[in-house]
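Worksheet: the structure to be examined is printed underneath.
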Protein chains: 2
Amino acid sequence: MKNAIGREIPEYIEGFGKLEPFQGAWKKLRKGWMDEPTIPPPNKAKLPHQSKLCETLEEAIRKTSPKDGMTVSFHHHLRNGDEIIVKSIEILSKLGIKNITLAASSLNEVQDPLVQYIKDGTITNIWTSGLRGELGKAISSGILEKPVVIHSHGGRVRAIHTGKINLDLAIIVASAADEEGNATGTHGKSAFGSIGYAGIDMRYAKQVVIVTDNLVDYPCIPLSVTQNFVDYVVTVDSIGDASKIATGTTRITKSPMDLRIAQLAADVIEHSGLFVNGYSFQVGAGGASLAVAKFIRDKMKRKDIKGSFMIGGVTSYCVDMLNEGLFTTIFDVQSFDAAVSSSLLNNKHHIEIPAALYANPFNCGCMTNKLDVVVLGALEIDTDFNVNVITGSDGKLRGASGGHSDTASGAKLTIVVCPSYRGRLPIVVEKVSTVVTPGETVDVLVTERGICVNPKKPELEEKLKAARLNVRSIQDLQQEVAQITGEPKPVKFSDKVVALIEYRDGTIIDVIRQTID
Amino acid sequence: MKNAIGREIPEYIEGFGKLEPFQGAWKKLRKGWMDEPTIPPPNKAKLPHQSKLCETLEEAIRKTSPKDGMTVSFHHHLRNGDEIIVKSIEILSKLGIKNITLAASSLNEVQDPLVQYIKDGTITNIWTSGLRGELGKAISSGILEKPVVIHSHGGRVRAIHTGKINLDLAIIVASAADEEGNATGTHGKSAFGSIGYAGIDMRYAKQVVIVTDNLVDYPCIPLSVTQNFVDYVVTVDSIGDASKIATGTTRITKSPMDLRIAQLAADVIEHSGLFVNGYSFQVGAGGASLAVAKFIRDKMKRKDIKGSFMIGGVTSYCVDMLNEGLFTTIFDVQSFDAAVSSSLLNNKHHIEIPAALYANPFNCGCMTNKLDVVVLGALEIDTDFNVNVITGSDGKLRGASGGHSDTASGAKLTIVVCPSYRGRLPIVVEKVSTVVTPGETVDVLVTERGICVNPKKPELEEKLKAARLNVRSIQDLQQEVAQITGEPKPVKFSDKVVALIEYRDGTIIDVIRQTID
């Protein structure tokens, strides 16, 4: 069957059941959400003064009575520095557990060793926001029998809340914790900042284990995780290397072309009509998008504009803008470099938020619903403004859905920034290979070759033209790019579906098929 | 049938179903809790940038589609200063709604006007921690057909979590809120401090209305209530008079006898073996109990002891001790005077906590489970150490269960302080008229006539005797008191049950019968 944006979706996947096709970005928010069942959080009880401490991670995992077919969750705030995800799966494998559903908020290159645990049947299902590296390649090559589900950060909360993901065990790393499981990522030698993605896991998992390398005196504050959800606490030598959180994607680009694009995007914001006192702002990490903050900062100072909140993945750049008084508040679901932690710990206007509050579509209004402006990157964007942030030019998994579709759906102005082509590969294309964010939620594309406004927003186009910005049709741009790059060699796919791209509301917006090398 | 402490409990109450008799303080925590079903929190959705603002409280209530038989919840942080509970019921009554279940975290004299809405059938069920004033008298006189359920603060969370209380509408007052419903009690002209009891209501109520007299620019921080749970926001002229939060029960006594008892209780703590660095401490409000803090403060300074956390209903006295460095942390579920708010707002070691974290018995360990010492008051205590904090000498409802049984069950050392008699009425009695807190959770009684240790704690008795404290048997004390006061005139009761006293785990520890005047 075809979904609302014309993508071919299987009606049924063995082991998953019937798929619900994407119907449009806001359709299920208008109606339909009321029919979604939700699941009850588990009941638990402890006797007063009963100890939760375990000697080893293995002891803690054993105590949770792991079993075949279980679902295990992790959060990815340590990104490429994490040491606990692979270790935990290794322990479960040694204990002989099979058919695990891995429900990580995202996965990075550091989790490449998981490939062997897929091969040996320890892991048979994966839910995640991102897949990269050898793991991404292996999945694209069809290593898993059942497709991975790629969700957004908001969609993950919805999936847990509605029971699509039903957590047996949540393993939550913390850079500081006490013996009862009150825990945080804001201080300690491995401080990684916000622990926001684990907020839903601690509430719904039947068993919760806190893993820390820094057991502190009771009580451990701030209460990023609270003891009433925690079954066991274990101290290990190291939870990971927080210096590896910040990677290329979380630093401001030095590429002249990216800086040029960022400058243009800042011009778009300035003339959008939304660049006024009290506006709110989010920039994605990576490439040109983070660099937009640099130009916006200058413009805000020049025009004496004070914003209200910044939100999302938070970099030191956001913290600087908070400290300069350019924004009143930062809401932090994920800290993109370890230096952010001290601000989160010490500045009461820099606030840790759970992913539910950040972006869950099924509640009374998440914070991304309140955004004025968001600037996002793209691996590809097409003439319908659909965006791909998950598969590379080789058709393989090498990205993350993250908050891309969540913020695009909520913001009044969604800007995608990217070069029009990279090497000999077009980025602005006729049809993206994989849709993560539907074009109806994208307002403007900014490239080095001009600015394209979604035809849904004629008033915005007028404003940008009046400001003498280089506005042009996305079809023109795409054809120009095609002439420069030529037609790229098509990627060969089999019929096998290796990943489902779940839109934030749980419908399927696209699928990814097995690559044939 | 008789429950584990020999109280006569009906097996069945029309409209309530089968009652589960109290089995012992920790029995259901050991087993049984796993069979308790929990209910799913509701699903909700809003479109981006959709307004939640209403012009009037009536408009907000109308928008929630109120209906006959609904359950409406309130929190009582404004205590005797609250203006919204009665107003909301008045509006529902005007809208013709009948058979409301009122689920307030507690009720005070200021809610006396509810009597008329019980009489006219608007309210037909009540769940609350406390009942006093004309309302308490009316209920004791049998004005309601079905019995009120008296719960503890922790028990209320359990009851909502397990669906015994199923909230259709939560009306949450806030001294500051923004247009999306982020809200707090920590600042604004009507600041009342922690909003901890409403933490569970916002998560489970099908509709949530924030009522404020201080709409601030988005975002309203701190995020005591978060927008993802809030359906509507309304601004009114006044939510109430925060100066009426502090009443006699929240100020340190000037009564020489109470001060003497408090001094003795402080001596008990000093010699209990628990008065060491890192100990944790809670004092109830009222009478001698709060005064114990005064003497403990002196002792801590003299002995250079630094505690870890204080918890509970928080007074300025606790804040002073935090500021002096005598404790590292305050956990605040309810602020007992308006002056506490600025500390809660500005001191990151003074932390707002929801009632679930404070005292819910059915989770992975609430904070009262971690208490070393708690000092509590009593209206009556009997020779089995059972405590009554709910009915007066006339047999009528005039108190509150509060955190009494929660903290008694969790603390390593539970001390009850009270005079042995008041006027011509004995307080230490052979059998309390109503049991709220079972004697097995009470370790020591301190009166002006001596200290009685629960025979369950012979080692503690040895320690106190070694310190030359005036330790004596509770039977001796009770008989001495009986000789002084004589036998009080027995109160006349009918067979009709007007209130069920629910223990924190949901079992019935006692019932209150209709008084015959």
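Identifiers in this document derive from the order of the structure tokens: chains are assigned A, B, ..., residues are numbered from 1 separately in each chain, and ligands are numbered from 1 in order of occurrence.
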
Using 7 Å as the limit and counting only C-alpha atoms, can you tabulate each residue of chain A that touches chain B, with its shortest atom-to-atom distance in Å and the two atoms involved, as a tab-separated table?
```
residue	atom	partner	partner_atom	distance
A:Leu29	CA	B:Ala45	CA	5.6
A:Trp33	CA	B:Ala45	CA	6.9
A:Met34	CA	B:Asn43	CA	6.5
A:Thr38	CA	B:Pro40	CA	5.6
A:Ile39	CA	B:Pro40	CA	4.8
A:Pro40	CA	B:Pro40	CA	3.7
A:Pro41	CA	B:Pro40	CA	6.7
A:Pro42	CA	B:Thr38	CA	6.9
A:Asn43	CA	B:Phe362	CA	6.1
A:Lys44	CA	B:Asn363	CA	4.4
A:Ala45	CA	B:Phe362	CA	4.7
A:Lys46	CA	B:Gly365	CA	5.4
A:Leu47	CA	B:Leu29	CA	6.2
A:Pro48	CA	B:Asn369	CA	4.3
A:His49	CA	B:Lys370	CA	5.8
A:Gln227	CA	B:Gly365	CA	6.4
A:Asn228	CA	B:Cys364	CA	4.4
A:Phe229	CA	B:Cys364	CA	5.3
A:Val230	CA	B:Cys364	CA	5.7
A:Asp231	CA	B:Cys364	CA	5.9
A:Leu357	CA	B:Asn228	CA	5.8
A:Pro361	CA	B:Ala45	CA	6.5
A:Phe362	CA	B:Ala45	CA	4.7
A:Asn363	CA	B:Lys44	CA	4.4
A:Cys364	CA	B:Asn228	CA	4.4
A:Gly365	CA	B:Asn228	CA	4.9
A:Cys366	CA	B:Asn228	CA	5.3
A:Asn369	CA	B:Pro48	CA	4.3
A:Lys370	CA	B:His49	CA	5.8
A:Gly410	CA	B:Pro48	CA	5.3
```

Neighbouring residues of A:Leu144 were defined as those with any atom within 12 Å, considering only C-alpha atoms; residues of the same chain fewer than 6 positions away were excluded. Please report them as an mmCIF file with N, CA and C atoms, in the first residue's frame.
```
data_model
loop_
_atom_site.group_PDB
_atom_site.id
_atom_site.type_symbol
_atom_site.label_atom_id
_atom_site.label_comp_id
_atom_site.auth_asym_id
_atom_site.auth_seq_id
_atom_site.Cartn_x
_atom_site.Cartn_y
_atom_site.Cartn_z
ATOM 1 N N ASN A 99 16.993 -13.802 21.836
ATOM 2 C CA ASN A 99 15.811 -13.082 21.319
ATOM 3 C C ASN A 99 15.527 -11.777 22.058
ATOM 4 N N THR A 101 14.971 -7.911 22.540
ATOM 5 C CA THR A 101 14.658 -6.677 21.827
ATOM 6 C C THR A 101 15.478 -5.562 22.471
ATOM 7 N N LEU A 114 28.018 -4.964 18.749
ATOM 8 C CA LEU A 114 26.715 -5.636 18.856
ATOM 9 C C LEU A 114 26.460 -6.557 17.665
ATOM 10 N N VAL A 115 27.164 -6.305 16.555
ATOM 11 C CA VAL A 115 26.941 -7.127 15.359
ATOM 12 C C VAL A 115 27.036 -8.620 15.695
ATOM 13 N N GLN A 116 28.044 -8.970 16.511
ATOM 14 C CA GLN A 116 28.199 -10.393 16.829
ATOM 15 C C GLN A 116 27.031 -10.958 17.628
ATOM 16 N N TYR A 117 26.407 -10.094 18.447
ATOM 17 C CA TYR A 117 25.277 -10.559 19.261
ATOM 18 C C TYR A 117 23.975 -10.613 18.457
ATOM 19 N N ILE A 118 23.994 -9.975 17.311
ATOM 20 C CA ILE A 118 22.880 -10.176 16.373
ATOM 21 C C ILE A 118 23.110 -11.494 15.644
ATOM 22 N N LYS A 119 24.342 -11.681 15.226
ATOM 23 C CA LYS A 119 24.671 -12.918 14.488
ATOM 24 C C LYS A 119 24.371 -14.164 15.308
ATOM 25 N N ASP A 120 24.608 -14.094 16.639
ATOM 26 C CA ASP A 120 24.420 -15.317 17.443
ATOM 27 C C ASP A 120 23.021 -15.426 18.053
ATOM 28 N N GLY A 121 22.137 -14.526 17.652
ATOM 29 C CA GLY A 121 20.746 -14.651 18.099
ATOM 30 C C GLY A 121 20.460 -14.078 19.475
ATOM 31 N N THR A 122 21.449 -13.413 20.074
ATOM 32 C CA THR A 122 21.169 -12.753 21.358
ATOM 33 C C THR A 122 20.166 -11.619 21.147
ATOM 34 N N ILE A 123 20.421 -10.809 20.127
ATOM 35 C CA ILE A 123 19.517 -9.694 19.789
ATOM 36 C C ILE A 123 18.777 -10.041 18.504
ATOM 37 N N THR A 124 17.454 -9.950 18.538
ATOM 38 C CA THR A 124 16.687 -10.254 17.324
ATOM 39 C C THR A 124 15.761 -9.108 16.900
ATOM 40 N N ASN A 125 15.650 -8.101 17.729
ATOM 41 C CA ASN A 125 14.848 -6.914 17.386
ATOM 42 C C ASN A 125 15.566 -5.671 17.874
ATOM 43 N N ILE A 126 15.431 -4.587 17.125
ATOM 44 C CA ILE A 126 16.028 -3.319 17.565
ATOM 45 C C ILE A 126 15.060 -2.167 17.321
ATOM 46 N N LEU A 135 27.507 -1.467 12.454
ATOM 47 C CA LEU A 135 26.183 -1.955 12.842
ATOM 48 C C LEU A 135 25.141 -1.531 11.795
ATOM 49 N N GLY A 136 25.210 -0.262 11.402
ATOM 50 C CA GLY A 136 24.299 0.239 10.369
ATOM 51 C C GLY A 136 24.460 -0.525 9.063
ATOM 52 N N LYS A 137 25.716 -0.756 8.686
ATOM 53 C CA LYS A 137 25.972 -1.481 7.432
ATOM 54 C C LYS A 137 25.445 -2.914 7.515
ATOM 55 N N ALA A 138 25.707 -3.551 8.659
ATOM 56 C CA ALA A 138 25.284 -4.948 8.811
ATOM 57 C C ALA A 138 23.763 -5.059 8.724
ATOM 58 N N LYS A 496 13.582 -7.203 0.563
ATOM 59 C CA LYS A 496 13.532 -7.358 2.029
ATOM 60 C C LYS A 496 13.603 -6.005 2.752
ATOM 61 N N VAL A 497 12.672 -5.815 3.655
ATOM 62 C CA VAL A 497 12.644 -4.579 4.451
ATOM 63 C C VAL A 497 13.560 -4.752 5.662
ATOM 64 N N VAL A 498 14.578 -3.903 5.775
ATOM 65 C CA VAL A 498 15.503 -4.015 6.914
ATOM 66 C C VAL A 498 15.214 -2.979 8.003
ATOM 67 N N ALA A 499 14.456 -1.947 7.659
ATOM 68 C CA ALA A 499 14.101 -0.953 8.695
ATOM 69 C C ALA A 499 12.782 -0.282 8.347
ATOM 70 N N ARG A 513 15.143 -0.811 2.486
ATOM 71 C CA ARG A 513 15.308 -2.188 2.013
ATOM 72 C C ARG A 513 16.769 -2.605 2.041
ATOM 73 N N GLN A 514 16.946 -3.887 2.007
ATOM 74 C CA GLN A 514 18.285 -4.494 2.046
ATOM 75 C C GLN A 514 19.099 -4.050 0.841
#
```

* To do: Could you pull out the residues in stretch 192-431 of chain B that DSSP calls alpha helix (DSSP H) from the backbone, as JSON, numbers by chain?
  => {"B": [199, 200, 201, 202, 203, 204, 256, 257, 258, 259, 260, 261, 262, 263, 264, 265, 266, 267, 268, 269, 270, 287, 288, 289, 290, 291, 292, 293, 294, 295, 296, 297, 298, 299, 300, 301, 302, 303, 316, 317, 318, 319, 320, 321, 322, 323, 340, 341, 342, 343, 344, 345, 346, 355, 356, 357, 358, 359, 404, 405, 406, 407, 408, 409, 410]}

* **Close residues, A:Gly307 itself excluded, 10 Å, only C-alpha atoms, min 5 positions apart in chain, as a list in words** => Phe275, Val276, Asn277, Gly278, Tyr279, Ser280, Phe281, Met300, Met321, Leu322, Gly325, Leu326, Phe327, Thr328 and Thr329 of chain A

Serialized selection, all heavy atoms, as a short mmCIF file (atom, residue, chain, number, x, y, z; two decimals), in the first residue's frame:
```cif
data_model
loop_
_atom_site.label_atom_id
_atom_site.label_comp_id
_atom_site.auth_asym_id
_atom_site.auth_seq_id
_atom_site.Cartn_x
_atom_site.Cartn_y
_atom_site.Cartn_z
N PHE A 275 11.50 36.91 14.12
CA PHE A 275 12.70 37.33 14.84
C PHE A 275 12.37 38.55 15.69
O PHE A 275 12.67 39.69 15.34
CB PHE A 275 13.81 37.65 13.82
CG PHE A 275 15.19 37.77 14.42
CD1 PHE A 275 15.76 36.73 15.15
CD2 PHE A 275 15.94 38.93 14.24
CE1 PHE A 275 17.04 36.84 15.68
CE2 PHE A 275 17.22 39.06 14.77
CZ PHE A 275 17.77 38.01 15.50
N VAL A 276 11.68 38.27 16.81
CA VAL A 276 11.19 39.33 17.70
C VAL A 276 11.49 38.93 19.14
O VAL A 276 11.82 37.77 19.41
CB VAL A 276 9.67 39.54 17.55
CG1 VAL A 276 9.34 40.09 16.16
CG2 VAL A 276 8.92 38.24 17.80
N ASN A 277 11.36 39.86 20.05
CA ASN A 277 11.57 39.55 21.46
C ASN A 277 10.66 38.38 21.87
O ASN A 277 9.50 38.33 21.47
CB ASN A 277 11.24 40.76 22.34
CG ASN A 277 12.39 41.76 22.34
OD1 ASN A 277 13.56 41.39 22.25
ND2 ASN A 277 12.04 43.05 22.43
N GLY A 278 11.24 37.46 22.64
CA GLY A 278 10.44 36.34 23.13
C GLY A 278 10.39 35.16 22.19
O GLY A 278 9.70 34.18 22.47
N TYR A 279 11.11 35.22 21.07
CA TYR A 279 11.06 34.07 20.15
C TYR A 279 11.87 32.92 20.72
O TYR A 279 12.76 33.10 21.55
CB TYR A 279 11.54 34.48 18.74
CG TYR A 279 13.01 34.33 18.49
CD1 TYR A 279 13.50 33.40 17.58
CD2 TYR A 279 13.94 35.13 19.15
CE1 TYR A 279 14.86 33.25 17.34
CE2 TYR A 279 15.30 35.00 18.92
CZ TYR A 279 15.75 34.06 18.01
OH TYR A 279 17.09 33.91 17.79
N SER A 280 11.55 31.71 20.27
CA SER A 280 12.25 30.52 20.74
C SER A 280 12.96 29.85 19.58
O SER A 280 12.56 30.01 18.42
CB SER A 280 11.28 29.54 21.40
OG SER A 280 10.24 29.21 20.50
N PHE A 281 13.99 29.08 19.89
CA PHE A 281 14.97 28.73 18.86
C PHE A 281 15.60 27.38 19.17
O PHE A 281 15.93 27.07 20.31
CB PHE A 281 16.04 29.83 18.88
CG PHE A 281 17.10 29.73 17.82
CD1 PHE A 281 16.77 29.52 16.48
CD2 PHE A 281 18.45 29.87 18.15
CE1 PHE A 281 17.76 29.45 15.50
CE2 PHE A 281 19.45 29.81 17.18
CZ PHE A 281 19.10 29.60 15.85
N MET A 300 21.13 39.02 17.03
CA MET A 300 20.35 39.35 18.23
C MET A 300 21.00 40.49 18.98
O MET A 300 20.30 41.40 19.47
CB MET A 300 20.23 38.11 19.14
CG MET A 300 19.30 37.04 18.58
SD MET A 300 19.21 35.55 19.61
CE MET A 300 18.13 36.12 20.94
N MET A 321 25.06 31.71 24.93
CA MET A 321 23.97 32.64 24.62
C MET A 321 23.04 32.85 25.82
O MET A 321 22.52 33.94 26.02
CB MET A 321 23.19 32.15 23.39
CG MET A 321 24.02 32.26 22.11
SD MET A 321 23.28 31.40 20.69
CE MET A 321 22.15 32.64 20.09
N LEU A 322 22.86 31.80 26.61
CA LEU A 322 22.09 31.95 27.85
C LEU A 322 22.82 32.90 28.80
O LEU A 322 22.22 33.83 29.37
CB LEU A 322 21.90 30.58 28.51
CG LEU A 322 21.18 30.57 29.86
CD1 LEU A 322 19.70 30.91 29.68
CD2 LEU A 322 21.30 29.21 30.54
N GLY A 325 22.53 36.47 28.22
CA GLY A 325 21.19 37.04 28.37
C GLY A 325 20.42 37.09 27.07
O GLY A 325 19.38 37.75 26.99
N LEU A 326 20.90 36.40 26.02
CA LEU A 326 20.17 36.43 24.74
C LEU A 326 18.91 35.58 24.80
O LEU A 326 17.94 35.84 24.10
CB LEU A 326 21.10 35.97 23.61
CG LEU A 326 22.29 36.89 23.33
CD1 LEU A 326 23.17 36.30 22.23
CD2 LEU A 326 21.82 38.29 22.95
N PHE A 327 18.94 34.54 25.63
CA PHE A 327 17.75 33.74 25.88
C PHE A 327 17.56 33.63 27.40
O PHE A 327 18.54 33.72 28.15
CB PHE A 327 17.88 32.34 25.25
CG PHE A 327 17.78 32.37 23.76
CD1 PHE A 327 18.91 32.53 22.97
CD2 PHE A 327 16.54 32.29 23.13
CE1 PHE A 327 18.81 32.58 21.58
CE2 PHE A 327 16.45 32.34 21.74
CZ PHE A 327 17.58 32.49 20.97
N THR A 328 16.32 33.43 27.84
CA THR A 328 16.08 33.36 29.29
C THR A 328 16.29 31.95 29.82
O THR A 328 16.59 31.78 31.01
CB THR A 328 14.63 33.76 29.66
OG1 THR A 328 13.73 32.79 29.10
CG2 THR A 328 14.29 35.13 29.12
N THR A 329 16.13 30.94 28.96
CA THR A 329 16.05 29.57 29.46
C THR A 329 16.61 28.58 28.43
O THR A 329 16.45 28.81 27.23
CB THR A 329 14.56 29.18 29.70
OG1 THR A 329 13.90 30.24 30.38
CG2 THR A 329 14.43 27.90 30.51
#
```

* **Within 10 Å of stretch 433-438 of chain A using only C-alpha atoms, minus same-chain residues under 6 positions, as a PyMOL selection string** => chain A and resi 4-5+7+22+24-25+150-152+378-382+384-395+400-409+491+501-504+508-513

Where does stretch 260-358 of chain B meet stretch 439-448 of chain B within 9 Å, residue by residue, with the nearest atom pair and distance in Å to one decimal for each, counting only C-alpha atoms, listed by chain and rising number, as a tab-separated table?
```
residue	atom	partner	partner_atom	distance
B:Arg260	CA	B:Glu448	CA	6.7
B:Ile261	CA	B:Glu448	CA	5.4
B:Ala262	CA	B:Val446	CA	8.2
B:Leu264	CA	B:Val446	CA	6.9
B:Ala265	CA	B:Val446	CA	6.1
B:Val268	CA	B:Val446	CA	8.5
```

Based on the selection just made, write N, CA, C and O atoms of those residues as a tab-separated table (two decimals), in the first residue's frame.
```
chain	number	residue	atom	x	y	z
B	260	ARG	N	8.67	20.94	77.29
B	260	ARG	CA	9.29	19.92	78.15
B	260	ARG	C	9.29	18.56	77.44
B	260	ARG	O	10.29	17.85	77.41
B	261	ILE	N	8.16	18.22	76.83
B	261	ILE	CA	8.06	16.95	76.10
B	261	ILE	C	9.05	16.93	74.93
B	261	ILE	O	9.74	15.94	74.70
B	262	ALA	N	9.13	18.07	74.25
B	262	ALA	CA	10.03	18.16	73.10
B	262	ALA	C	11.48	17.95	73.53
B	262	ALA	O	12.26	17.27	72.87
B	264	LEU	N	12.49	16.23	76.07
B	264	LEU	CA	12.67	14.80	76.36
B	264	LEU	C	12.82	13.99	75.07
B	264	LEU	O	13.64	13.08	75.00
B	265	ALA	N	12.03	14.35	74.06
B	265	ALA	CA	12.11	13.62	72.78
B	265	ALA	C	13.49	13.80	72.16
B	265	ALA	O	14.07	12.87	71.59
B	268	VAL	N	15.78	11.49	73.76
B	268	VAL	CA	15.61	10.12	73.24
B	268	VAL	C	16.40	9.96	71.94
B	268	VAL	O	17.13	8.98	71.76
```

* Name the residues of stretch 54-196 of chain B that come out as strand (DSSP E) in a backbone DSSP run; write them as an MDAnalysis selection string. => chainID B and resid 54 71:74 100:104 123:128 130:131 148:150 169:174 176:177 183:184

* Determine, counting only C-alpha atoms, which protein, DNA and RNA residues have an atom within 9 Å of an atom of A:His271; residues of the same chain fewer than 4 positions away are not included. Present the result as a list in words. =>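 Contacts, in chain order: Ala266, Asp267, Phe275, Leu460, Lys463, Leu464, Ala466 and Ala467 of chain A.
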
Residue neighbourhood A:Asp337, 9 Å, only C-alpha atoms, exclusion window fewer than 5 positions, as a PDB file with C-alpha atoms, in the first residue's frame:
```pdb
ATOM      1  CA  PHE A 192      27.489  13.918  30.452  1.00  0.00           C
ATOM      2  CA  GLY A 193      24.748  16.429  31.265  1.00  0.00           C
ATOM      3  CA  ALA A 242      32.488  11.694  28.245  1.00  0.00           C
ATOM      4  CA  SER A 243      35.071  13.440  26.077  1.00  0.00           C
ATOM      5  CA  LYS A 244      33.747  11.340  23.184  1.00  0.00           C
ATOM      6  CA  ILE A 245      30.260  12.838  23.416  1.00  0.00           C
ATOM      7  CA  ALA A 246      31.285  15.804  21.316  1.00  0.00           C
ATOM      8  CA  THR A 247      32.107  14.686  17.796  1.00  0.00           C
ATOM      9  CA  THR A 250      28.431  18.824  17.641  1.00  0.00           C
ATOM     10  CA  ARG A 251      31.077  21.437  16.799  1.00  0.00           C
ATOM     11  CA  VAL A 314      22.454  21.612  23.884  1.00  0.00           C
ATOM     12  CA  THR A 315      25.980  22.727  23.016  1.00  0.00           C
ATOM     13  CA  SER A 316      28.343  25.108  24.800  1.00  0.00           C
TER      14      SER A 316
END
```

* **Nearest residue to A:His187 from the set A:Cys418, A:Ala338, A:Leu95, A:Val374 (distances using only C-alpha atoms)** =>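 Of A:Cys418, A:Ala338, A:Leu95, A:Val374, the one nearest A:His187, counting only C-alpha atoms, is A:Ala338.
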